[in-house]
file input-v1.tsv (TSV, C-alpha atoms)
chain	number	residue	atom	x	y	z
A	1	MET	CA	132.91	75.75	73.88
A	2	THR	CA	132.36	77.27	70.47
A	3	THR	CA	132.91	75.60	67.15
A	4	LEU	CA	135.44	78.29	66.43
A	5	ASP	CA	137.57	76.86	69.20
A	6	GLN	CA	137.19	73.31	67.98
A	7	GLN	CA	138.09	73.71	64.35
A	8	PRO	CA	141.77	74.58	64.64
A	9	ALA	CA	142.02	72.23	67.60
A	10	LYS	CA	140.84	69.39	65.41
A	11	ALA	CA	143.50	70.02	62.82
A	12	GLU	CA	146.15	70.28	65.50
A	13	GLY	CA	144.89	67.46	67.70
A	14	ARG	CA	144.78	64.92	64.90
A	15	LYS	CA	148.46	65.40	64.30
A	16	ASP	CA	149.24	63.73	67.60
A	17	PRO	CA	150.14	60.17	66.51
A	18	TRP	CA	149.99	58.82	70.06
A	19	GLY	CA	146.46	60.08	70.44
A	20	VAL	CA	145.46	58.18	67.30
A	21	LEU	CA	146.98	55.00	68.75
A	22	LEU	CA	145.21	55.52	72.08
A	23	GLU	CA	141.90	55.81	70.26
A	24	LYS	CA	142.58	52.55	68.46
A	25	VAL	CA	143.18	50.84	71.77
A	26	GLY	CA	140.09	52.45	73.26
A	27	LYS	CA	137.77	51.62	70.40
A	28	HIS	CA	139.06	48.26	69.14
A	29	GLN	CA	141.44	46.94	71.82
A	30	ASP	CA	144.04	47.20	69.05
A	31	ARG	CA	147.09	45.31	70.32
A	32	ALA	CA	149.52	46.60	67.71
A	33	ALA	CA	148.65	50.16	68.66
A	34	TYR	CA	149.00	49.23	72.32
A	35	HIS	CA	152.42	47.72	71.67
A	36	ALA	CA	153.57	50.87	69.86
A	37	LEU	CA	152.47	52.98	72.83
A	38	PHE	CA	154.30	50.61	75.15
A	39	GLU	CA	157.53	50.83	73.15
A	40	HIS	CA	157.44	54.60	73.30
A	41	PHE	CA	156.17	55.33	76.81
A	42	ALA	CA	157.26	52.36	78.96
A	43	PRO	CA	160.97	53.41	79.02
A	44	GLN	CA	159.90	56.93	80.05
A	45	ILE	CA	157.69	55.62	82.82
A	46	LYS	CA	160.40	53.30	84.04
A	47	TYR	CA	162.80	56.21	84.34
A	48	TYR	CA	160.07	58.21	86.08
A	49	ALA	CA	159.72	55.45	88.68
A	50	ILE	CA	163.46	55.16	89.22
A	51	SER	CA	164.04	58.89	89.53
A	52	ASN	CA	161.41	59.24	92.21
A	53	GLY	CA	162.94	56.53	94.34
A	54	MET	CA	160.82	53.54	93.34
A	55	ALA	CA	163.59	51.65	91.58
A	56	SER	CA	162.62	48.31	93.08
A	57	HIS	CA	159.03	48.80	91.89
A	58	ALA	CA	159.80	50.36	88.51
A	59	GLU	CA	158.69	47.41	86.36
A	60	GLU	CA	155.61	47.03	88.51
A	61	LEU	CA	154.71	50.68	88.04
A	62	VAL	CA	155.12	50.31	84.26
A	63	GLN	CA	152.73	47.34	84.36
A	64	GLU	CA	150.15	49.17	86.46
A	65	VAL	CA	150.30	52.27	84.26
A	66	PHE	CA	149.78	50.19	81.12
A	67	ILE	CA	146.92	48.18	82.60
A	68	SER	CA	145.34	51.50	83.47
A	69	ILE	CA	145.96	52.79	79.93
A	70	TRP	CA	144.33	49.63	78.52
A	71	ARG	CA	141.32	50.03	80.75
A	72	ARG	CA	140.87	53.79	80.44
A	73	SER	CA	141.72	54.39	76.79
A	74	CYS	CA	137.99	54.19	75.98
A	75	LEU	CA	137.63	57.42	77.96
A	76	TYR	CA	140.52	59.18	76.25
A	77	ASP	CA	139.39	62.28	74.42
A	78	TRP	CA	142.03	63.95	72.27
A	79	ARG	CA	140.19	67.24	72.54
A	80	LYS	CA	140.83	67.34	76.29
A	81	ALA	CA	144.49	66.42	76.48
A	82	ALA	CA	147.38	65.38	74.29
A	83	ALA	CA	148.15	61.67	74.62
A	84	SER	CA	151.43	62.16	76.44
A	85	THR	CA	149.80	64.56	78.93
A	86	TRP	CA	147.06	62.02	79.55
A	87	ILE	CA	149.63	59.26	80.05
A	88	PHE	CA	151.65	61.47	82.38
A	89	THR	CA	148.59	61.97	84.61
A	90	ILE	CA	147.98	58.21	84.64
A	91	ALA	CA	151.61	57.52	85.61
A	92	ARG	CA	151.41	60.15	88.34
A	93	ASN	CA	148.17	58.69	89.71
A	94	GLN	CA	149.37	55.09	89.57
A	95	ARG	CA	152.47	56.08	91.49
A	96	ILE	CA	150.35	57.80	94.15
A	97	ASP	CA	148.00	54.83	94.22
A	98	MET	CA	150.81	52.36	94.68
A	99	LEU	CA	152.29	54.37	97.54
A	100	ARG	CA	148.90	54.75	99.18
A	101	LYS	CA	148.26	51.02	99.01
A	102	MET	CA	151.67	50.22	100.46
A	103	GLN	CA	150.98	52.51	103.39
A	104	ARG	CA	147.52	51.35	104.23
A	105	THR	CA	146.82	48.15	106.07
A	106	SER	CA	143.11	48.64	105.57
A	107	ALA	CA	142.06	48.43	101.96
A	108	GLU	CA	139.43	51.08	102.61
A	109	MET	CA	140.29	54.52	101.38
A	110	ALA	CA	137.75	57.25	102.02
A	111	VAL	CA	138.72	59.05	98.83
A	112	GLU	CA	140.19	57.40	95.78
A	113	THR	CA	143.27	58.78	94.11
A	114	GLU	CA	141.26	59.83	91.08
A	115	ASP	CA	138.88	61.83	93.25
A	116	LEU	CA	141.86	63.90	94.31
A	117	TRP	CA	143.93	63.92	91.12
A	118	GLN	CA	141.74	63.98	88.07
A	119	ILE	CA	142.62	62.37	84.76
A	120	PRO	CA	141.76	64.78	81.91
A	121	GLY	CA	138.58	63.74	80.15
A	122	ASP	CA	137.05	61.91	83.10
A	123	ASN	CA	134.73	64.75	83.82
A	124	GLU	CA	131.91	64.55	81.31
A	125	ASP	CA	130.56	67.93	82.28
A	126	GLU	CA	133.76	69.65	81.32
A	127	PRO	CA	133.31	71.63	78.13
A	128	VAL	CA	135.33	70.41	75.20
A	129	THR	CA	138.59	72.17	75.27
A	130	SER	CA	140.07	75.03	73.37
A	131	LEU	CA	143.01	75.20	71.07
A	132	HIS	CA	145.02	76.52	73.99
A	133	ARG	CA	145.26	73.13	75.70
A	134	LEU	CA	146.24	71.17	72.66
A	135	MET	CA	148.86	73.65	71.67
A	136	SER	CA	150.36	73.68	75.09
A	137	GLU	CA	152.77	70.77	74.76
A	138	ARG	CA	154.36	72.19	71.68
A	139	ARG	CA	154.52	75.61	73.28
A	140	ILE	CA	156.05	74.15	76.41
A	141	ARG	CA	158.78	72.39	74.43
A	142	GLU	CA	159.58	75.63	72.68
A	143	SER	CA	159.57	77.65	75.90
A	144	LEU	CA	161.62	75.09	77.81
A	145	SER	CA	164.37	75.22	75.23
A	146	GLN	CA	164.75	78.90	76.04
A	147	LEU	CA	164.84	78.54	79.82
A	148	PRO	CA	168.12	78.63	81.72
A	149	GLU	CA	169.33	75.26	82.92
A	150	GLU	CA	168.92	76.23	86.59
A	151	GLN	CA	165.18	76.68	86.12
A	152	ILE	CA	164.75	73.38	84.30
A	153	THR	CA	166.71	71.57	87.02
A	154	VAL	CA	164.33	72.80	89.69
A	155	ILE	CA	161.24	71.84	87.68
A	156	ALA	CA	162.67	68.39	86.93
A	157	LYS	CA	163.23	67.77	90.63
A	158	VAL	CA	159.65	68.71	91.43
A	159	TYR	CA	158.13	66.54	88.68
A	160	MET	CA	160.52	63.63	88.42
A	161	GLU	CA	161.89	63.30	91.93
A	162	HIS	CA	158.77	64.54	93.73
A	163	LYS	CA	160.73	66.94	95.82
A	164	SER	CA	159.03	69.85	97.48
A	165	HIS	CA	160.44	73.30	96.87
A	166	GLN	CA	161.98	73.13	100.35
A	167	MET	CA	163.70	69.83	99.60
A	168	VAL	CA	165.06	71.18	96.34
A	169	ALA	CA	166.45	74.18	98.23
A	170	ASP	CA	168.11	71.90	100.79
A	171	GLU	CA	169.61	69.70	98.12
A	172	LEU	CA	170.95	72.48	95.94
A	173	GLN	CA	171.95	74.49	99.04
A	174	ILE	CA	170.20	77.60	97.88
A	175	PRO	CA	167.55	79.61	99.72
A	176	LEU	CA	163.91	78.54	99.41
A	177	GLY	CA	163.13	81.96	97.98
A	178	THR	CA	165.58	81.36	95.13
A	179	VAL	CA	163.93	78.03	94.28
A	180	LYS	CA	160.52	79.66	94.26
A	181	SER	CA	161.64	82.55	92.12
A	182	ARG	CA	163.23	80.17	89.58
A	183	VAL	CA	159.97	78.25	89.38
A	184	ARG	CA	157.94	81.44	89.07
A	185	LEU	CA	160.18	82.73	86.29
A	186	ALA	CA	159.79	79.46	84.43
A	187	LEU	CA	156.03	79.29	84.94
A	188	ASN	CA	155.76	82.87	83.85
A	189	LYS	CA	157.48	81.97	80.62
A	190	LEU	CA	155.15	79.01	80.25
A	191	LYS	CA	152.23	81.34	80.87
A	192	VAL	CA	150.89	79.42	83.82
A	193	ILE	CA	150.99	82.59	85.83
A	194	LEU	CA	148.28	84.63	84.26
A	195	GLN	CA	146.79	86.45	87.17
A	196	ASP	CA	148.10	85.11	90.42
A	197	GLN	CA	146.42	87.14	93.08
A	198	ASN	CA	147.64	85.65	96.29
A	199	VAL	CA	151.32	85.36	95.56
B	200	MET	CA	132.89	83.08	90.30
B	201	THR	CA	135.83	82.49	92.52
B	202	ARG	CA	138.33	85.27	92.93
B	203	HIS	CA	140.94	83.81	95.23
B	204	HIS	CA	142.99	81.12	93.51
B	205	PRO	CA	145.80	78.76	94.54
B	206	ASP	CA	149.19	80.16	93.55
B	207	SER	CA	151.08	78.64	90.62
B	208	LEU	CA	153.61	76.91	92.86
B	209	SER	CA	150.86	75.02	94.69
B	210	LEU	CA	149.23	74.06	91.41
B	211	MET	CA	152.58	72.78	90.19
B	212	GLU	CA	153.02	70.65	93.33
B	213	TYR	CA	149.50	69.36	92.72
B	214	SER	CA	150.18	68.55	89.09
B	215	ALA	CA	153.42	66.80	90.01
B	216	GLY	CA	151.50	64.69	92.54
B	217	ASN	CA	153.53	66.00	95.46
B	218	LEU	CA	150.79	67.24	97.76
B	219	THR	CA	149.35	65.38	100.71
B	220	GLU	CA	145.83	64.02	100.20
B	221	PRO	CA	144.03	66.77	102.17
B	222	HIS	CA	145.89	69.51	100.29
B	223	ALA	CA	145.14	67.81	97.00
B	224	LEU	CA	141.48	67.70	97.99
B	225	CYS	CA	141.40	71.47	98.56
B	226	ILE	CA	142.93	72.08	95.14
B	227	ARG	CA	140.63	69.53	93.49
B	228	LEU	CA	137.51	71.14	94.98
B	229	HIS	CA	138.65	74.52	93.73
B	230	LEU	CA	139.42	73.14	90.26
B	231	GLU	CA	135.92	71.68	89.96
B	232	GLN	CA	134.54	75.19	90.03
B	233	CYS	CA	137.31	77.21	88.45
B	234	PRO	CA	137.90	76.90	84.69
B	235	HIS	CA	140.76	79.36	84.93
B	236	CYS	CA	142.77	77.17	87.29
B	237	ARG	CA	141.78	74.00	85.39
B	238	SER	CA	143.41	75.48	82.36
B	239	ARG	CA	146.54	76.29	84.38
B	240	VAL	CA	146.67	72.70	85.63
B	241	ASP	CA	146.23	71.41	82.07
B	242	THR	CA	149.33	73.34	81.10
B	243	LEU	CA	151.21	72.07	84.16
B	244	ASN	CA	150.23	68.48	83.35
B	245	SER	CA	151.62	69.02	79.87
B	246	LEU	CA	154.78	70.38	81.47
B	247	GLY	CA	154.99	67.12	83.43
B	248	ALA	CA	154.61	65.13	80.22
B	249	VAL	CA	157.33	67.12	78.50
B	250	MET	CA	159.66	66.76	81.50
B	251	MET	CA	159.12	63.00	81.43
B	252	GLU	CA	159.77	62.88	77.69
B	253	GLN	CA	163.03	64.86	78.00
B	254	GLN	CA	164.56	62.60	80.64
B	255	PRO	CA	166.66	59.53	79.88
B	256	LYS	CA	164.76	56.36	78.94
B	257	VAL	CA	165.30	53.05	80.69
B	258	THR	CA	164.80	49.82	78.79
B	259	VAL	CA	162.08	47.66	80.26
B	260	SER	CA	162.61	43.94	80.69
B	261	ASP	CA	162.14	41.82	77.56
B	262	SER	CA	159.17	39.97	78.93
B	263	SER	CA	157.40	43.08	80.17
B	264	PHE	CA	154.98	43.44	77.28
B	265	GLU	CA	154.20	39.72	77.19
B	266	GLN	CA	153.45	39.82	80.91
B	267	LEU	CA	151.08	42.66	80.30
B	268	MET	CA	149.22	40.83	77.55
B	269	ALA	CA	149.13	37.64	79.61
B	270	ARG	CA	147.53	39.57	82.43
B	271	ILE	CA	144.97	41.12	80.13
B	272	ASP	CA	144.12	37.70	78.66
B	273	SER	CA	143.99	35.82	81.93
B	274	ALA	CA	142.03	38.32	84.03
B	275	PRO	CA	139.57	40.00	81.70
B	276	GLN	CA	137.40	41.17	84.61
B	277	ASP	CA	140.22	43.10	86.24
B	278	THR	CA	141.43	44.55	82.98
B	279	SER	CA	138.15	45.36	81.25
B	280	PRO	CA	137.48	48.90	80.10
B	281	VAL	CA	136.37	51.18	82.90
B	282	VAL	CA	132.82	52.37	82.87
B	283	GLN	CA	132.28	56.03	83.46
B	284	ALA	CA	130.75	56.20	86.91
B	285	PRO	CA	128.06	58.76	87.67
B	286	ARG	CA	129.75	61.92	88.70
B	287	LEU	CA	129.91	62.43	92.42
B	288	SER	CA	131.80	65.29	93.95
B	289	PRO	CA	134.81	64.16	96.00
B	290	LEU	CA	133.22	66.02	98.88
B	291	GLN	CA	130.00	64.02	98.66
B	292	LYS	CA	132.03	60.83	98.53
B	293	LEU	CA	134.05	61.88	101.53
B	294	LEU	CA	131.19	63.06	103.72
B	295	GLY	CA	128.42	60.77	102.50
B	296	GLN	CA	125.72	63.25	103.44
B	297	ASP	CA	124.60	66.82	103.18
B	298	ILE	CA	127.17	69.13	104.63
B	299	ASN	CA	124.61	70.93	106.77
B	300	GLU	CA	123.43	67.68	108.37
B	301	LEU	CA	126.81	66.60	109.68
B	302	PRO	CA	127.30	66.02	113.42
B	303	TRP	CA	128.72	69.49	113.99
B	304	LYS	CA	130.24	70.25	117.36
B	305	ARG	CA	129.43	73.68	118.69
B	306	GLN	CA	132.62	75.33	119.77
B	307	LEU	CA	132.91	79.00	120.59
B	308	GLY	CA	129.89	81.22	120.10
B	309	ASP	CA	129.00	81.20	116.43
B	310	VAL	CA	131.53	78.56	115.41
B	311	SER	CA	130.98	74.80	114.99
B	312	VAL	CA	133.65	72.36	113.93
B	313	LEU	CA	134.01	68.81	112.73
B	314	ASP	CA	137.39	67.14	112.64
B	315	ILE	CA	137.65	64.76	109.67
B	316	SER	CA	141.37	64.03	109.96
B	317	GLU	CA	140.72	60.30	110.41
B	318	LYS	CA	139.55	60.14	106.80
B	319	PHE	CA	143.15	60.79	105.81
B	320	PRO	CA	145.16	58.34	107.87
B	321	GLY	CA	148.93	58.67	107.74
B	322	GLN	CA	148.87	62.16	106.29
B	323	GLY	CA	149.91	63.88	109.51
B	324	GLU	CA	147.63	66.83	109.02
B	325	ARG	CA	144.56	68.12	110.76
B	326	VAL	CA	141.60	68.39	108.45
B	327	VAL	CA	138.64	70.29	109.84
B	328	LEU	CA	135.32	71.54	108.63
B	329	GLN	CA	134.27	74.79	110.25
B	330	LYS	CA	130.90	76.44	110.24
B	331	LEU	CA	130.22	80.03	111.08
B	332	VAL	CA	126.51	80.83	111.39
B	333	ALA	CA	125.17	83.41	108.96
B	334	GLY	CA	126.06	86.84	110.25
B	335	GLY	CA	128.20	85.29	112.98
B	336	LYS	CA	131.66	86.34	114.04
B	337	ALA	CA	134.58	84.08	114.84
B	338	PRO	CA	136.86	85.07	117.68
B	339	ALA	CA	140.06	86.79	116.58
B	340	HIS	CA	142.80	84.25	116.08
B	341	THR	CA	146.14	83.58	114.45
B	342	HIS	CA	147.33	80.39	112.80
B	343	ARG	CA	149.91	77.87	113.75
B	344	GLY	CA	151.91	77.07	110.66
B	345	ASP	CA	150.21	77.23	107.28
B	346	GLU	CA	146.50	76.77	107.09
B	347	THR	CA	144.93	76.11	103.70
B	348	THR	CA	141.24	76.84	103.50
B	349	ILE	CA	138.59	76.48	100.85
B	350	VAL	CA	135.10	77.92	101.21
B	351	LEU	CA	132.49	75.20	100.64
B	352	GLN	CA	129.35	77.21	101.27
B	353	GLY	CA	128.44	80.82	101.89
B	354	ALA	CA	131.12	83.46	102.30
B	355	PHE	CA	133.22	85.09	104.96
B	356	ALA	CA	134.96	88.42	105.19
B	357	ASP	CA	137.97	89.59	107.12
B	358	GLN	CA	140.31	92.53	106.85
B	359	LYS	CA	141.85	91.00	103.71
B	360	GLY	CA	138.63	90.84	101.78
B	361	VAL	CA	135.60	88.71	101.02
B	362	PHE	CA	136.00	84.99	100.41
B	363	ASN	CA	133.20	83.39	98.45
B	364	GLN	CA	132.28	79.81	97.75
B	365	TRP	CA	135.22	77.86	96.22
B	366	ASP	CA	137.70	80.59	97.04
B	367	PHE	CA	141.06	79.31	98.15
B	368	VAL	CA	143.15	80.96	100.83
B	369	VAL	CA	146.38	80.16	102.67
B	370	LEU	CA	146.94	81.78	106.06
B	371	ASN	CA	149.99	81.64	108.30
B	372	GLU	CA	151.26	82.90	111.66
B	373	GLN	CA	151.32	86.48	110.47
B	374	ASP	CA	147.65	86.53	109.63
B	375	GLU	CA	145.57	87.49	112.61
B	376	HIS	CA	142.00	87.73	111.52
B	377	ARG	CA	138.44	87.83	112.74
B	378	PRO	CA	136.22	86.34	110.06
B	379	VAL	CA	132.55	87.26	109.78
B	380	ALA	CA	130.08	85.13	107.84
B	381	VAL	CA	128.51	87.36	105.23
B	382	GLY	CA	125.37	86.71	103.20
B	383	CYS	CA	122.33	84.75	104.30
B	384	GLU	CA	123.91	81.29	104.46
B	385	ASP	CA	126.05	79.70	107.13
B	386	CYS	CA	129.64	79.81	105.98
B	387	ILE	CA	131.30	76.39	105.82
B	388	THR	CA	135.00	75.97	105.16
B	389	LEU	CA	137.40	73.07	104.85
B	390	SER	CA	140.80	73.72	106.38
B	391	VAL	CA	144.01	71.74	106.33
B	392	LEU	CA	146.39	72.57	109.15
B	393	SER	CA	150.02	71.65	108.90
B	394	ALA	CA	150.97	69.21	111.60
B	395	PRO	CA	153.15	70.33	114.51
B	396	VAL	CA	156.74	70.73	113.39
B	397	LYS	CA	157.96	67.60	115.10
B	398	LEU	CA	155.57	65.45	113.06
B	399	THR	CA	156.49	66.82	109.67
B	400	GLY	CA	160.19	66.93	110.53
B	401	THR	CA	162.38	68.35	107.83
B	402	PHE	CA	159.66	68.25	105.25
B	403	THR	CA	159.22	64.51	105.31
B	404	ARG	CA	156.74	63.76	102.62
B	405	MET	CA	154.04	61.80	104.40
B	406	LEU	CA	152.92	60.23	101.20
B	407	ASN	CA	156.27	59.03	100.11
B	408	PRO	CA	158.31	56.55	102.12
B	409	PHE	CA	160.87	56.32	99.33
B	410	ILE	CA	162.27	59.82	99.46
B	411	ARG	CA	165.92	59.54	100.30
call {"tool": "encode", "arguments": {"input": "input-v1.tsv", "output": "structure tokens"}}
result
Amino acid sequence: MTTLDQQPAKAEGRKDPWGVLLEKVGKHQDRAAYHALFEHFAPQIKYYAISNGMASHAEELVQEVFISIWRRSCLYDWRKAAASTWIFTIARNQRIDMLRKMQRTSAEMAVETEDLWQIPGDNEDEPVTSLHRLMSERRIRESLSQLPEEQITVIAKVYMEHKSHQMVADELQIPLGTVKSRVRLALNKLKVILQDQNV
Amino acid sequence: MTRHHPDSLSLMEYSAGNLTEPHALCIRLHLEQCPHCRSRVDTLNSLGAVMMEQQPKVTVSDSSFEQLMARIDSAPQDTSPVVQAPRLSPLQKLLGQDINELPWKRQLGDVSVLDISEKFPGQGERVVLQKLVAGGKAPAHTHRGDETTIVLQGAFADQKGVFNQWDFVVLNEQDEHRPVAVGCEDCITLSVLSAPVKLTGTFTRMLNPFIR
């Protein structure tokens, strides 16, 4: 995009210490940086695996996510995603990948996981991002702290437990419409809903 | 420019990794062409990261990091940095040839179809490409369950409006429509049809055998 967009983003983006470490791994295979990332993110990823029902494969998922981080860090671009967002998408994809492999007897998959769920920065053609994206994590933390607990609970079940809106409704014994409206209220606050046309 | 976008709830399910492969493909194809929705998904991915960060942490086993380094040292080929592959659209990868050259099966009048469900084994959904010849009309029809459609080429119109290339639309039982291909190109769409109720059961996630 324009240089105007990049300037403030640069100042903001460089403040992300995890992004700096990822770049060190990507550029120099820096093992100390890699270890620091592991110390911070591995316990999060392990909980992620356990909460979505993969307890017996939790350590394995952590390993696969970190191998992927090691291999892909050369593609990490702090202008396209904050480090923790990038790592979240890798954890999500590795989980999907692991489940896909467990379900397939044939190794052949017509479409790879990353063709379906993109990792930010993989698409070279994508214009370098705006301030908006880099600011979003901080904004989300601020907005989340203002949301009612019932909205956060629903979002956590979708992201951490991989439950569909219907499953969340069944579990909490509330109507599907209530689940959807809680999510919409939350997303509205997070400004994801900008101009939904077909809702 | 696309004008019909996936709703925020679908994008959230996508970002969380909860969609079936064919549904994810529809969203992905839309995202490729829609900066607006890409930006929404960026925010949702950040929401996922923040959710993960705000959950409890679980200590990994003591040897976990050493195992990782041992693997990197012992199998450098499998753990070497990835090389950015030339960009190929997921659709090209999936179909392997030009969309107009596919072995289309003429169905009713102006409509041809190609069922590609077998490319998504175990997903329990019907995935079909449909082609409506330029200027052609499809017979009036309703939909069984939800049908997610993305326009891959050309455009069609029905009583709800005009759907252009990369537009995203979800139809259900209530939507009876009679699409007409508008413009000078054949209109080609990719549709994902929910499986019959008995296959999907009470929302069994096809992808996930671990859901309790």
call {"tool": "closest_atom_pairs", "arguments": {"input": "input-v1.tsv", "of": "chain B", "to": "chain A", "cutoff": "7 Å", "atoms": "all atoms listed in the file", "output": "CSV"}}
result
residue,atom,partner,partner_atom,distance
B:His203,CA,A:Gln197,CA,6.8
B:His204,CA,A:Gln197,CA,6.9
B:Asp206,CA,A:Asp196,CA,6.0
B:Ser207,CA,A:Ile193,CA,6.2
B:Ala215,CA,A:Tyr159,CA,4.9
B:Gly216,CA,A:Arg92,CA,6.2
B:Asn217,CA,A:His162,CA,5.7
B:Ala223,CA,A:Leu116,CA,5.8
B:Leu224,CA,A:Leu116,CA,5.3
B:Arg227,CA,A:Leu116,CA,5.8
B:Arg239,CA,A:Val192,CA,5.4
B:Asp241,CA,A:Arg133,CA,6.7
B:Thr242,CA,A:Ser136,CA,6.1
B:Asn244,CA,A:Thr85,CA,5.9
B:Ser245,CA,A:Thr85,CA,4.9
B:Leu246,CA,A:Ile140,CA,6.4
B:Gly247,CA,A:Tyr159,CA,6.1
B:Ala248,CA,A:Thr85,CA,5.0
B:Val249,CA,A:Arg141,CA,6.8
B:Met250,CA,A:Ala156,CA,6.4
B:Met251,CA,A:Gln44,CA,6.3
B:Glu252,CA,A:Gln44,CA,6.4
B:Pro255,CA,A:Tyr47,CA,6.8
B:Lys256,CA,A:Pro43,CA,4.8
B:Val257,CA,A:Pro43,CA,4.7
B:Thr258,CA,A:Pro43,CA,5.3
B:Val259,CA,A:Pro43,CA,6.0
B:Leu267,CA,A:Gln63,CA,6.4
B:Thr278,CA,A:Arg71,CA,5.9
B:Ser279,CA,A:Arg71,CA,5.7
B:Pro280,CA,A:Arg71,CA,4.1
B:Val281,CA,A:Arg71,CA,5.5
B:Pro289,CA,A:Asp115,CA,5.4
B:Lys292,CA,A:Val111,CA,6.9
B:Leu293,CA,A:Ala110,CA,5.9
B:Lys318,CA,A:Ala110,CA,5.9
B:Leu406,CA,A:Leu99,CA,6.9
B:Asn407,CA,A:Leu99,CA,6.6
B:Phe409,CA,A:Gly53,CA,5.4
B:Ile410,CA,A:Gly53,CA,6.1
call {"tool": "write_last_selection", "arguments": {"input": "input-v1.tsv", "atoms": "C-alpha atoms", "output": "mmCIF file, in the coordinates of the input"}}
result
data_model
loop_
_atom_site.group_PDB
_atom_site.id
_atom_site.type_symbol
_atom_site.label_atom_id
_atom_site.label_comp_id
_atom_site.auth_asym_id
_atom_site.auth_seq_id
_atom_site.Cartn_x
_atom_site.Cartn_y
_atom_site.Cartn_z
ATOM 1 C CA HIS B 203 140.940 83.810 95.230
ATOM 2 C CA HIS B 204 142.990 81.120 93.510
ATOM 3 C CA ASP B 206 149.190 80.160 93.550
ATOM 4 C CA SER B 207 151.080 78.640 90.620
ATOM 5 C CA ALA B 215 153.420 66.800 90.010
ATOM 6 C CA GLY B 216 151.500 64.690 92.540
ATOM 7 C CA ASN B 217 153.530 66.000 95.460
ATOM 8 C CA ALA B 223 145.140 67.810 97.000
ATOM 9 C CA LEU B 224 141.480 67.700 97.990
ATOM 10 C CA ARG B 227 140.630 69.530 93.490
ATOM 11 C CA ARG B 239 146.540 76.290 84.380
ATOM 12 C CA ASP B 241 146.230 71.410 82.070
ATOM 13 C CA THR B 242 149.330 73.340 81.100
ATOM 14 C CA ASN B 244 150.230 68.480 83.350
ATOM 15 C CA SER B 245 151.620 69.020 79.870
ATOM 16 C CA LEU B 246 154.780 70.380 81.470
ATOM 17 C CA GLY B 247 154.990 67.120 83.430
ATOM 18 C CA ALA B 248 154.610 65.130 80.220
ATOM 19 C CA VAL B 249 157.330 67.120 78.500
ATOM 20 C CA MET B 250 159.660 66.760 81.500
ATOM 21 C CA MET B 251 159.120 63.000 81.430
ATOM 22 C CA GLU B 252 159.770 62.880 77.690
ATOM 23 C CA PRO B 255 166.660 59.530 79.880
ATOM 24 C CA LYS B 256 164.760 56.360 78.940
ATOM 25 C CA VAL B 257 165.300 53.050 80.690
ATOM 26 C CA THR B 258 164.800 49.820 78.790
ATOM 27 C CA VAL B 259 162.080 47.660 80.260
ATOM 28 C CA LEU B 267 151.080 42.660 80.300
ATOM 29 C CA THR B 278 141.430 44.550 82.980
ATOM 30 C CA SER B 279 138.150 45.360 81.250
ATOM 31 C CA PRO B 280 137.480 48.900 80.100
ATOM 32 C CA VAL B 281 136.370 51.180 82.900
ATOM 33 C CA PRO B 289 134.810 64.160 96.000
ATOM 34 C CA LYS B 292 132.030 60.830 98.530
ATOM 35 C CA LEU B 293 134.050 61.880 101.530
ATOM 36 C CA LYS B 318 139.550 60.140 106.800
ATOM 37 C CA LEU B 406 152.920 60.230 101.200
ATOM 38 C CA ASN B 407 156.270 59.030 100.110
ATOM 39 C CA PHE B 409 160.870 56.320 99.330
ATOM 40 C CA ILE B 410 162.270 59.820 99.460
#
call {"tool": "closest_residue", "arguments": {"input": "input-v1.tsv", "among": "A:His57, A:Thr153, A:Arg79, A:Gln146", "to": "A:Gly121", "atoms": "all atoms listed in the file"}}
result
A:Arg79
call {"tool": "residues_around", "arguments": {"input": "input-v1.tsv", "residues": "B:Thr348", "least_positions_apart": "6", "cutoff": "8 Å", "atoms": "all atoms listed in the file", "output": "PyMOL selection string"}}
result
chain B and resi 225+367-370+388-391
call {"tool": "atom_distance", "arguments": {"input": "input-v1.tsv", "atom1": "atom CA of B:Ser214", "atom2": "atom CA of B:Gly353"}}
result
28.1 Å
call {"tool": "closest_residue", "arguments": {"input": "input-v1.tsv", "among": "B:Ser311, B:Trp303, B:Ala380, B:Gln296", "to": "B:Ala333", "atoms": "all atoms listed in the file"}}
result
B:Ala380
call {"tool": "axis_aligned_box", "arguments": {"input": "input-v1.tsv", "around": "stretch 266-285 of chain B", "padding_each_side": "3 Å", "output": "JSON"}}
result
{"center_x": 140.8, "center_y": 47.3, "center_z": 82.6, "size_x": 31.4, "size_y": 28.9, "size_z": 16.1}
call {"tool": "decode", "arguments": {"input": "input-v1.tsv", "residues": "stretch 80-84 of chain A", "atoms": "N, CA and C atoms", "output": "CSV table (one decimal), in the first residue's frame"}}
result
chain,number,residue,atom,x,y,z
A,80,LYS,N,2.8,-8.3,7.9
A,80,LYS,CA,1.6,-9.0,7.5
A,80,LYS,C,0.8,-9.5,8.7
A,81,ALA,N,1.5,-9.9,9.8
A,81,ALA,CA,0.8,-10.4,10.9
A,81,ALA,C,1.7,-10.3,12.1
A,82,ALA,N,1.1,-10.0,13.3
A,82,ALA,CA,1.9,-10.1,14.5
A,82,ALA,C,2.3,-11.6,14.7
A,83,ALA,N,3.4,-11.7,15.5
A,83,ALA,CA,4.0,-13.1,15.6
A,83,ALA,C,3.0,-14.1,16.2
A,84,SER,N,2.2,-13.6,17.3
A,84,SER,CA,1.3,-14.6,17.9
A,84,SER,C,0.2,-14.9,17.0
